[in-house]
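Next comes protein.cif, a file with mmCIF, C-alpha atoms.
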data_data
#
loop_
_atom_site.label_atom_id
_atom_site.label_comp_id
_atom_site.auth_asym_id
_atom_site.auth_seq_id
_atom_site.Cartn_x
_atom_site.Cartn_y
_atom_site.Cartn_z
CA MET I 1 55.12 113.26 102.80
CA SER I 2 53.03 110.21 102.26
CA ASP I 3 54.21 106.76 101.31
CA HIS I 4 50.86 105.80 99.84
CA ASP I 5 50.51 108.19 96.95
CA HIS I 6 52.45 106.24 94.34
CA ALA I 7 50.41 106.60 91.17
CA VAL I 8 52.35 103.95 89.28
CA ASP I 9 51.88 101.36 91.93
CA GLY I 10 54.52 98.68 91.93
CA ALA I 11 56.61 100.33 89.22
CA GLU I 12 59.56 100.21 91.58
CA PRO I 13 60.76 96.66 91.04
CA HIS I 14 61.51 96.10 94.69
CA GLU I 15 58.90 98.27 96.29
CA SER I 16 59.10 96.56 99.64
CA SER I 17 62.87 96.84 99.99
CA ALA I 18 63.50 100.28 98.47
CA SER I 19 63.00 103.26 100.72
CA ILE I 20 64.84 106.34 101.85
CA LEU I 21 65.90 104.37 104.91
CA THR I 22 67.52 101.59 102.81
CA TYR I 23 69.45 104.11 100.74
CA SER I 24 70.55 106.02 103.85
CA VAL I 25 71.74 102.87 105.62
CA GLY I 26 73.55 101.84 102.43
CA LEU I 27 75.21 105.25 102.13
CA GLY I 28 76.30 105.15 105.78
CA LEU I 29 77.79 101.67 105.50
CA ALA I 30 79.51 102.52 102.19
CA ILE I 31 81.09 105.64 103.71
CA LEU I 32 82.24 103.62 106.74
CA ALA I 33 83.82 100.98 104.49
CA THR I 34 85.52 103.68 102.39
CA ILE I 35 86.98 105.44 105.44
CA ALA I 36 88.09 102.09 106.86
CA SER I 37 89.87 101.30 103.57
CA PHE I 38 91.73 104.62 103.62
CA VAL I 39 92.68 104.17 107.29
CA VAL I 40 93.90 100.61 106.71
CA SER I 41 95.98 101.63 103.71
CA GLN I 42 97.50 104.76 105.27
CA THR I 43 98.29 103.59 108.81
CA ASN I 44 99.92 100.58 110.40
CA LEU I 45 96.78 99.65 112.28
CA LEU I 46 96.81 96.32 110.49
CA TRP I 47 99.83 94.01 110.40
CA PRO I 48 101.57 95.47 107.29
CA PRO I 49 101.82 92.24 105.21
CA GLY I 50 98.10 91.71 105.81
CA VAL I 51 97.06 95.13 104.47
CA PRO I 52 96.30 94.06 100.85
CA MET I 53 94.14 91.23 102.15
CA GLY I 54 92.36 93.63 104.53
CA LEU I 55 91.71 96.03 101.65
CA VAL I 56 90.29 93.21 99.51
CA VAL I 57 87.98 92.15 102.34
CA LEU I 58 86.77 95.74 102.82
CA ALA I 59 86.23 96.10 99.05
CA PHE I 60 84.10 92.95 98.97
CA ALA I 61 82.13 94.18 102.00
CA GLN I 62 81.48 97.48 100.25
CA ILE I 63 80.46 95.78 96.99
CA GLY I 64 78.04 93.67 99.03
CA VAL I 65 76.59 96.81 100.61
CA HIS I 66 76.12 98.35 97.14
CA LEU I 67 74.44 95.24 95.78
CA VAL I 68 72.00 94.88 98.68
CA PHE I 69 71.19 98.50 99.55
CA PHE I 70 71.57 100.30 96.20
CA LEU I 71 70.86 97.60 93.60
CA HIS I 72 68.36 95.82 95.89
CA LEU I 73 69.59 92.33 95.16
CA GLY I 74 67.76 90.29 97.76
CA SER I 75 66.65 86.73 98.23
CA GLY I 76 63.13 87.32 96.90
CA PRO I 77 61.65 85.15 94.14
CA ASP I 78 61.96 88.01 91.60
CA ASN I 79 65.68 87.99 92.20
CA THR I 80 66.62 84.35 91.63
CA ASN I 81 67.60 84.93 87.99
CA ASN I 82 69.54 88.10 88.84
CA ILE I 83 71.50 86.31 91.57
CA LEU I 84 72.31 83.35 89.31
CA ALA I 85 73.49 85.71 86.55
CA LEU I 86 75.60 87.60 89.10
CA ALA I 87 77.18 84.36 90.33
CA PHE I 88 78.10 83.42 86.75
CA GLY I 89 79.44 86.93 86.07
CA LEU I 90 81.59 86.84 89.22
CA PHE I 91 82.91 83.41 88.20
CA ILE I 92 84.06 84.76 84.80
CA VAL I 93 85.54 87.90 86.41
CA PHE I 94 87.46 85.71 88.86
CA LEU I 95 88.75 83.45 86.06
CA VAL I 96 89.92 86.41 83.95
CA ILE I 97 91.69 88.31 86.75
CA ALA I 98 93.14 85.45 88.81
CA GLY I 99 93.99 83.44 85.68
CA SER I 100 95.83 86.36 84.03
CA VAL I 101 97.80 87.21 87.16
CA TRP I 102 98.71 83.56 87.78
CA ILE I 103 99.77 82.77 84.19
CA ILE I 104 101.74 85.98 83.65
CA ALA I 105 103.51 85.66 87.03
CA ASN I 106 104.44 82.10 86.06
CA LEU I 107 105.75 83.19 82.64
CA ASN I 108 107.64 86.06 84.27
CA ALA I 109 109.30 83.71 86.76
CA ASN I 110 110.38 81.40 83.93
CA MET I 111 111.74 84.13 81.64
CA MET I 112 115.31 83.74 80.50
CA PRO I 113 117.43 86.51 82.01
CA MET I 114 117.75 89.54 79.73
CA THR I 115 121.34 90.24 78.68
CA HIS I 116 121.14 93.97 78.03
CA MET R 1 50.89 95.99 98.04
CA THR R 2 48.16 93.64 96.82
CA THR R 3 45.44 95.90 98.21
CA ALA R 4 46.37 98.56 95.68
CA VAL R 5 45.88 96.26 92.69
CA SER R 6 42.51 97.69 91.67
CA GLU R 7 43.94 101.22 91.57
CA ALA R 8 46.90 100.30 89.40
CA PRO R 9 46.72 102.06 86.03
CA ASN R 10 48.56 99.36 84.18
CA VAL R 11 48.04 95.63 84.63
CA GLU R 12 51.65 95.02 83.71
CA PHE R 13 52.83 96.55 86.96
CA VAL R 14 50.68 94.46 89.25
CA HIS R 15 52.78 92.15 91.34
CA ARG R 16 51.52 88.57 91.09
CA PRO R 17 53.85 86.32 93.04
CA ASP R 18 51.91 83.13 92.37
CA ALA R 19 50.55 83.79 88.91
CA ASP R 20 51.66 81.76 85.92
CA GLY R 21 52.51 83.32 82.59
CA PRO R 22 55.21 85.70 81.49
CA ALA R 23 56.96 87.88 84.05
CA PRO R 24 55.97 91.57 84.13
CA THR R 25 57.89 93.80 81.72
CA ARG R 26 59.67 95.64 84.55
CA ILE R 27 61.24 92.37 85.74
CA VAL R 28 62.24 91.27 82.23
CA VAL R 29 63.72 94.71 81.45
CA ALA R 30 65.68 94.82 84.72
CA TYR R 31 66.97 91.28 84.09
CA GLY R 32 68.09 92.12 80.55
CA PHE R 33 69.84 95.26 81.71
CA TRP R 34 71.47 93.35 84.56
CA ILE R 35 72.91 90.88 82.00
CA PHE R 36 74.34 93.86 80.10
CA LEU R 37 75.90 95.24 83.29
CA LEU R 38 77.48 91.88 84.06
CA SER R 39 78.98 91.78 80.56
CA ASP R 40 80.33 95.27 81.27
CA PHE R 41 81.90 93.94 84.50
CA ILE R 42 83.56 91.18 82.46
CA MET R 43 84.94 93.78 80.03
CA PHE R 44 86.30 95.70 83.04
CA SER R 45 87.81 92.50 84.46
CA GLY R 46 90.08 92.40 81.39
CA LEU R 47 91.29 95.93 82.17
CA PHE R 48 91.70 95.08 85.87
CA ALA R 49 93.74 91.99 84.95
CA THR R 50 95.92 94.09 82.61
CA TYR R 51 96.53 96.63 85.35
CA ALA R 52 97.26 93.95 87.96
CA VAL R 53 99.86 92.38 85.65
CA LEU R 54 101.49 95.64 84.51
CA SER R 55 101.26 97.84 87.63
CA GLY R 56 104.91 97.25 88.53
CA GLU R 57 106.31 97.84 85.03
CA THR R 58 107.15 101.52 85.34
CA ALA R 59 110.14 101.44 82.93
CA GLY R 60 112.05 103.86 85.16
CA GLY R 61 109.18 106.36 85.02
CA PRO R 62 107.02 107.65 87.86
CA THR R 63 105.49 105.05 90.17
CA ALA R 64 102.00 104.84 91.62
CA ARG R 65 103.23 106.04 94.99
CA GLU R 66 104.69 109.23 93.48
CA LEU R 67 101.68 110.06 91.33
CA PHE R 68 98.52 109.54 93.34
CA ASN R 69 96.99 112.16 95.60
CA LEU R 70 94.79 110.24 98.02
CA ARG R 71 92.97 113.35 99.22
CA HIS R 72 91.60 113.95 95.72
CA VAL R 73 90.73 110.27 95.42
CA PHE R 74 88.78 110.42 98.68
CA ILE R 75 86.78 113.42 97.41
CA GLU R 76 86.13 111.58 94.12
CA THR R 77 84.87 108.55 96.04
CA MET R 78 82.52 110.67 98.16
CA CYS R 79 81.18 112.41 95.02
CA LEU R 80 80.31 109.05 93.50
CA LEU R 81 78.78 107.66 96.71
CA PHE R 82 76.58 110.68 97.26
CA SER R 83 75.54 110.80 93.60
CA SER R 84 74.48 107.15 93.93
CA TYR R 85 72.44 108.14 96.98
CA THR R 86 70.73 111.08 95.26
CA CYS R 87 70.14 108.87 92.20
CA GLY R 88 68.35 106.32 94.43
CA LEU R 89 66.25 109.03 96.10
CA GLY R 90 65.45 110.42 92.65
CA MET R 91 64.19 106.97 91.58
CA LEU R 92 61.94 106.82 94.66
CA SER R 93 60.52 110.28 93.84
CA ALA R 94 59.97 109.29 90.21
CA VAL R 95 58.09 106.13 91.18
CA ARG R 96 55.89 108.19 93.48
CA GLN R 97 55.27 110.66 90.64
CA HIS R 98 56.90 113.60 92.45
CA ARG R 99 58.29 115.20 89.32
CA ASP R 100 59.79 118.32 90.88
CA ARG R 101 61.53 116.36 93.62
CA PHE R 102 62.83 113.94 90.97
CA LEU R 103 64.27 116.85 88.97
CA VAL R 104 66.06 118.22 92.06
CA PHE R 105 67.64 114.83 92.81
CA ALA R 106 68.55 114.33 89.14
CA ALA R 107 70.28 117.73 89.15
CA LEU R 108 72.20 116.81 92.33
CA THR R 109 73.22 113.48 90.79
CA PHE R 110 74.43 115.29 87.68
CA VAL R 111 76.41 117.89 89.64
CA LEU R 112 78.12 115.25 91.82
CA GLY R 113 78.95 113.10 88.78
CA ALA R 114 80.30 116.13 86.93
CA ALA R 115 82.41 117.07 90.00
CA PHE R 116 83.90 113.57 89.98
CA LEU R 117 84.74 113.87 86.28
CA PHE R 118 86.22 117.34 86.75
CA ILE R 119 88.60 116.14 89.50
CA GLU R 120 89.56 113.09 87.45
CA ILE R 121 90.27 115.08 84.28
CA THR R 122 92.27 117.67 86.25
CA GLU R 123 94.27 114.81 87.78
CA PHE R 124 94.91 113.23 84.36
CA ALA R 125 95.98 116.58 82.88
CA GLY R 126 98.35 117.14 85.80
CA MET R 127 99.90 113.70 85.33
CA VAL R 128 100.41 114.23 81.60
CA ALA R 129 101.96 117.64 82.33
CA ARG R 130 104.43 115.98 84.73
CA GLY R 131 105.54 113.54 82.02
CA ALA R 132 103.34 110.67 83.23
CA ALA R 133 101.44 110.25 79.95
CA PRO R 134 99.97 106.89 78.87
CA SER R 135 102.94 106.35 76.52
CA ARG R 136 105.51 106.64 79.35
CA SER R 137 105.32 103.07 80.68
CA ALA R 138 103.20 99.92 80.63
CA PHE R 139 101.99 100.83 84.14
CA LEU R 140 100.68 104.20 82.94
CA SER R 141 99.12 102.73 79.77
CA SER R 142 97.12 100.25 81.82
CA PHE R 143 96.30 102.90 84.44
CA PHE R 144 94.85 105.31 81.87
CA ALA R 145 93.00 102.47 80.11
CA LEU R 146 91.32 101.25 83.31
CA VAL R 147 90.57 104.54 85.07
CA GLY R 148 89.81 106.28 81.75
CA MET R 149 87.30 103.57 80.83
CA HIS R 150 85.51 104.14 84.15
CA GLY R 151 85.55 107.90 83.47
CA ALA R 152 84.12 107.26 79.98
CA HIS R 153 81.30 105.29 81.59
CA VAL R 154 80.57 108.16 83.99
CA THR R 155 80.48 110.56 81.01
CA THR R 156 78.02 108.25 79.24
CA GLY R 157 75.96 108.16 82.42
CA LEU R 158 75.80 111.97 82.56
CA VAL R 159 74.62 112.14 78.93
CA TRP R 160 72.03 109.44 79.62
CA LEU R 161 70.83 111.27 82.75
CA THR R 162 70.33 114.48 80.76
CA TYR R 163 68.32 112.51 78.22
CA MET R 164 66.19 110.90 80.95
CA VAL R 165 65.47 114.30 82.53
CA ALA R 166 64.30 115.51 79.11
CA GLN R 167 62.02 112.46 78.83
CA ALA R 168 60.63 113.04 82.32
CA VAL R 169 59.88 116.67 81.46
CA PHE R 170 58.41 116.18 77.98
CA LYS R 171 56.83 112.73 78.22
CA GLY R 172 56.06 112.73 81.94
CA LEU R 173 56.84 109.94 84.38
CA ARG R 174 55.05 107.24 82.38
CA PRO R 175 55.63 103.55 83.14
CA ASP R 176 58.03 103.16 80.19
CA VAL R 177 60.01 106.24 81.25
CA ILE R 178 60.18 104.84 84.80
CA ARG R 179 61.58 101.57 83.43
CA ARG R 180 64.29 103.45 81.53
CA LEU R 181 65.04 105.47 84.64
CA PHE R 182 65.37 102.26 86.59
CA CYS R 183 67.92 100.96 84.05
CA PHE R 184 69.82 104.25 84.41
CA SER R 185 69.91 103.92 88.20
CA LEU R 186 71.22 100.34 87.88
CA PHE R 187 73.95 101.64 85.55
CA TRP R 188 74.87 104.46 87.92
CA HIS R 189 75.06 102.17 90.96
CA ALA R 190 77.11 99.65 88.95
CA LEU R 191 79.68 102.37 88.20
CA ASP R 192 80.12 102.73 91.96
CA ILE R 193 80.89 99.03 92.24
CA ILE R 194 83.56 99.35 89.52
CA TRP R 195 84.97 102.37 91.37
CA VAL R 196 85.34 100.33 94.58
CA GLY R 197 87.60 97.99 92.60
CA VAL R 198 89.58 100.88 91.06
CA LEU R 199 89.96 102.59 94.45
CA THR R 200 91.21 99.44 96.15
CA LEU R 201 93.47 97.98 93.46
CA VAL R 202 94.82 101.15 91.83
CA TYR R 203 94.85 103.87 94.45
CA LEU R 204 94.95 102.33 97.93
CA MET R 205 97.26 99.43 97.10
CA GLY R 206 99.32 101.58 94.70
CA ALA R 207 99.90 104.44 97.13
CA ARG R 208 101.29 102.26 99.90
#
This structure in structure tokens:
Amino acid sequence: MSDHDHAVDGAEPHESSASILTYSVGLGLAILATIASFVVSQTNLLWPPGVPMGLVVLAFAQIGVHLVFFLHLGSGPDNTNNILALAFGLFIVFLVIAGSVWIIANLNANMMPMTH
Amino acid sequence: MTTAVSEAPNVEFVHRPDADGPAPTRIVVAYGFWIFLLSDFIMFSGLFATYAVLSGETAGGPTARELFNLRHVFIETMCLLFSSYTCGLGMLSAVRQHRDRFLVFAALTFVLGAAFLFIEITEFAGMVARGAAPSRSAFLSSFFALVGMHGAHVTTGLVWLTYMVAQAVFKGLRPDVIRRLFCFSLFWHALDIIWVGVLTLVYLMGAR
């Protein structure tokens, strides 16, 4: 198979970064992160109170792998706008999730005891 | 890539890093679709927040630990990961105008996505049959809303993939079809990112 027979040259938005190798490396790393998550959650390899934090770290690592190897978000000039939009999106996602959990936990802690 | 400029069939696709003027359509289209995906993530963040708040409110009904079968979840995860991989390889084949290879990878992507959906629907049906329906508790309502919304996205993706295969067959792998295919692959990969969140928050943390 030849790498030089692309008739629609440059149609792949990130021609230089997308190849079978990138996808294969991404798949390998994603599978590793998934297996690590299952192992961490099902064994006592990690200090038990630290398991949720370990799972969150592994999830972020895997999301990073997906973004770089599958979605091809890189540091190239074509990508500046995409990265900025992603940063804003992550900011809103963080506000919604962390804000909801924080506020509802606070309300829950201040609830009057139920009588029934 | 600049050496191939003179052979390019469409000026729009030529990469000009230093040129002034509007960005090529492929970059604008990908950016617009990326904005849509981020808005989809924000919609999902509402469902994630709901689940995070309500996951302990089982109202005396079944808990996460009793309900989830991690072996099935692992198979589901692998189905999604490998379908993302075949989707990416299919994109590469489409860009290189290898239509037959693209069709094979598209079929693999479809089969893996359908396998994921099949396991998920079987799981849901089993839960409802055991009395763990969405109406049982706040935990189950938020569980079915979050995981079901991801499943609905996968279903949409399968319909879209079928449509894109039809376009590739009847219209050929033209530049506009390639752009649509690229949007589809972004969508499909984004579903994997959502699934990482579902897997971690719902299944792995819930089943401990």
### Query
Could you tell me, as a PyMOL selection string, which residues have any atom at most 9 Å from (66.4, 106.7, 91.4), counting only C-alpha atoms?
chain R and resi 84-95+102+105-106+181-182+184-186
### Task
Evaluate the PyMOL selection byres ((chain I) within 8 of (chain R)) here and jot the selected residues down as a PyMOL selection string.
chain I and resi 5-13+18-20+23-24+27+30-31+37-38+41-42+52+55-56+59+62-63+66+70-71+77-78+81-82+85-86+89+92-93+96-98+100-101+104-105
Save out the residues we just selected, C-alpha atoms, as a PDB file, in the frame of the given file.
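Okay, this is what ended up in out-v1.pdb:
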ATOM      1  CA  ASP I   5      50.510 108.190  96.950  1.00  0.00           C
ATOM      2  CA  HIS I   6      52.450 106.240  94.340  1.00  0.00           C
ATOM      3  CA  ALA I   7      50.410 106.600  91.170  1.00  0.00           C
ATOM      4  CA  VAL I   8      52.350 103.950  89.280  1.00  0.00           C
ATOM      5  CA  ASP I   9      51.880 101.360  91.930  1.00  0.00           C
ATOM      6  CA  GLY I  10      54.520  98.680  91.930  1.00  0.00           C
ATOM      7  CA  ALA I  11      56.610 100.330  89.220  1.00  0.00           C
ATOM      8  CA  GLU I  12      59.560 100.210  91.580  1.00  0.00           C
ATOM      9  CA  PRO I  13      60.760  96.660  91.040  1.00  0.00           C
ATOM     10  CA  ALA I  18      63.500 100.280  98.470  1.00  0.00           C
ATOM     11  CA  SER I  19      63.000 103.260 100.720  1.00  0.00           C
ATOM     12  CA  ILE I  20      64.840 106.340 101.850  1.00  0.00           C
ATOM     13  CA  TYR I  23      69.450 104.110 100.740  1.00  0.00           C
ATOM     14  CA  SER I  24      70.550 106.020 103.850  1.00  0.00           C
ATOM     15  CA  LEU I  27      75.210 105.250 102.130  1.00  0.00           C
ATOM     16  CA  ALA I  30      79.510 102.520 102.190  1.00  0.00           C
ATOM     17  CA  ILE I  31      81.090 105.640 103.710  1.00  0.00           C
ATOM     18  CA  SER I  37      89.870 101.300 103.570  1.00  0.00           C
ATOM     19  CA  PHE I  38      91.730 104.620 103.620  1.00  0.00           C
ATOM     20  CA  SER I  41      95.980 101.630 103.710  1.00  0.00           C
ATOM     21  CA  GLN I  42      97.500 104.760 105.270  1.00  0.00           C
ATOM     22  CA  PRO I  52      96.300  94.060 100.850  1.00  0.00           C
ATOM     23  CA  LEU I  55      91.710  96.030 101.650  1.00  0.00           C
ATOM     24  CA  VAL I  56      90.290  93.210  99.510  1.00  0.00           C
ATOM     25  CA  ALA I  59      86.230  96.100  99.050  1.00  0.00           C
ATOM     26  CA  GLN I  62      81.480  97.480 100.250  1.00  0.00           C
ATOM     27  CA  ILE I  63      80.460  95.780  96.990  1.00  0.00           C
ATOM     28  CA  HIS I  66      76.120  98.350  97.140  1.00  0.00           C
ATOM     29  CA  PHE I  70      71.570 100.300  96.200  1.00  0.00           C
ATOM     30  CA  LEU I  71      70.860  97.600  93.600  1.00  0.00           C
ATOM     31  CA  PRO I  77      61.650  85.150  94.140  1.00  0.00           C
ATOM     32  CA  ASP I  78      61.960  88.010  91.600  1.00  0.00           C
ATOM     33  CA  ASN I  81      67.600  84.930  87.990  1.00  0.00           C
ATOM     34  CA  ASN I  82      69.540  88.100  88.840  1.00  0.00           C
ATOM     35  CA  ALA I  85      73.490  85.710  86.550  1.00  0.00           C
ATOM     36  CA  LEU I  86      75.600  87.600  89.100  1.00  0.00           C
ATOM     37  CA  GLY I  89      79.440  86.930  86.070  1.00  0.00           C
ATOM     38  CA  ILE I  92      84.060  84.760  84.800  1.00  0.00           C
ATOM     39  CA  VAL I  93      85.540  87.900  86.410  1.00  0.00           C
ATOM     40  CA  VAL I  96      89.920  86.410  83.950  1.00  0.00           C
ATOM     41  CA  ILE I  97      91.690  88.310  86.750  1.00  0.00           C
ATOM     42  CA  ALA I  98      93.140  85.450  88.810  1.00  0.00           C
ATOM     43  CA  SER I 100      95.830  86.360  84.030  1.00  0.00           C
ATOM     44  CA  VAL I 101      97.800  87.210  87.160  1.00  0.00           C
ATOM     45  CA  ILE I 104     101.740  85.980  83.650  1.00  0.00           C
ATOM     46  CA  ALA I 105     103.510  85.660  87.030  1.00  0.00           C
TER      47      ALA I 105
END
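The space between atom CA of Pro62 of chain R and atom CA of Ala133 of chain R spans 10.0 Å.
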### Query
Just how far from atom CA of Ser141 of chain R is atom CA of Met111 of chain I, in Å to one decimal?
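Distance reported for this atom pair: 22.6 Å.
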The PyMOL selection byres ((chain R and resi 57) around 8) - which residues does that actually catch in the file I just gave you? List them as a compact mmCIF listing (two decimals) with C-alpha atoms, in the frame of the given file.
# COMPACT_ATOMS: atom_id res chain seq x y z
CA LEU R 54 101.49 95.64 84.51
CA SER R 55 101.26 97.84 87.63
CA GLY R 56 104.91 97.25 88.53
CA THR R 58 107.15 101.52 85.34
CA ALA R 59 110.14 101.44 82.93
CA SER R 137 105.32 103.07 80.68
CA ALA R 138 103.20 99.92 80.63
CA PHE R 139 101.99 100.83 84.14
### Task
Record the distance separating atom CA of Leu90 of chain I and atom CA of Leu58 of chain I, expressed in Å with one decimal.
17.1 Å
Identify, on the basis of all atoms listed in the file, every residue whose closest approach to Val68 of chain I does not exceed 10 Å; exclude the query and any residue fewer than 4 positions from it along the same chain; express the result as an mmCIF file with C-alpha atoms, in the coordinates of the input.
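Okay, this is what ended up in selection.cif:
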data_model
loop_
_atom_site.group_PDB
_atom_site.id
_atom_site.type_symbol
_atom_site.label_atom_id
_atom_site.label_comp_id
_atom_site.auth_asym_id
_atom_site.auth_seq_id
_atom_site.Cartn_x
_atom_site.Cartn_y
_atom_site.Cartn_z
ATOM 1 C CA SER I 17 62.870 96.840 99.990
ATOM 2 C CA THR I 22 67.520 101.590 102.810
ATOM 3 C CA TYR I 23 69.450 104.110 100.740
ATOM 4 C CA GLY I 26 73.550 101.840 102.430
ATOM 5 C CA GLN I 62 81.480 97.480 100.250
ATOM 6 C CA ILE I 63 80.460 95.780 96.990
ATOM 7 C CA GLY I 64 78.040 93.670 99.030
ATOM 8 C CA HIS I 72 68.360 95.820 95.890
ATOM 9 C CA LEU I 73 69.590 92.330 95.160
ATOM 10 C CA GLY I 74 67.760 90.290 97.760
ATOM 11 C CA SER I 75 66.650 86.730 98.230
#
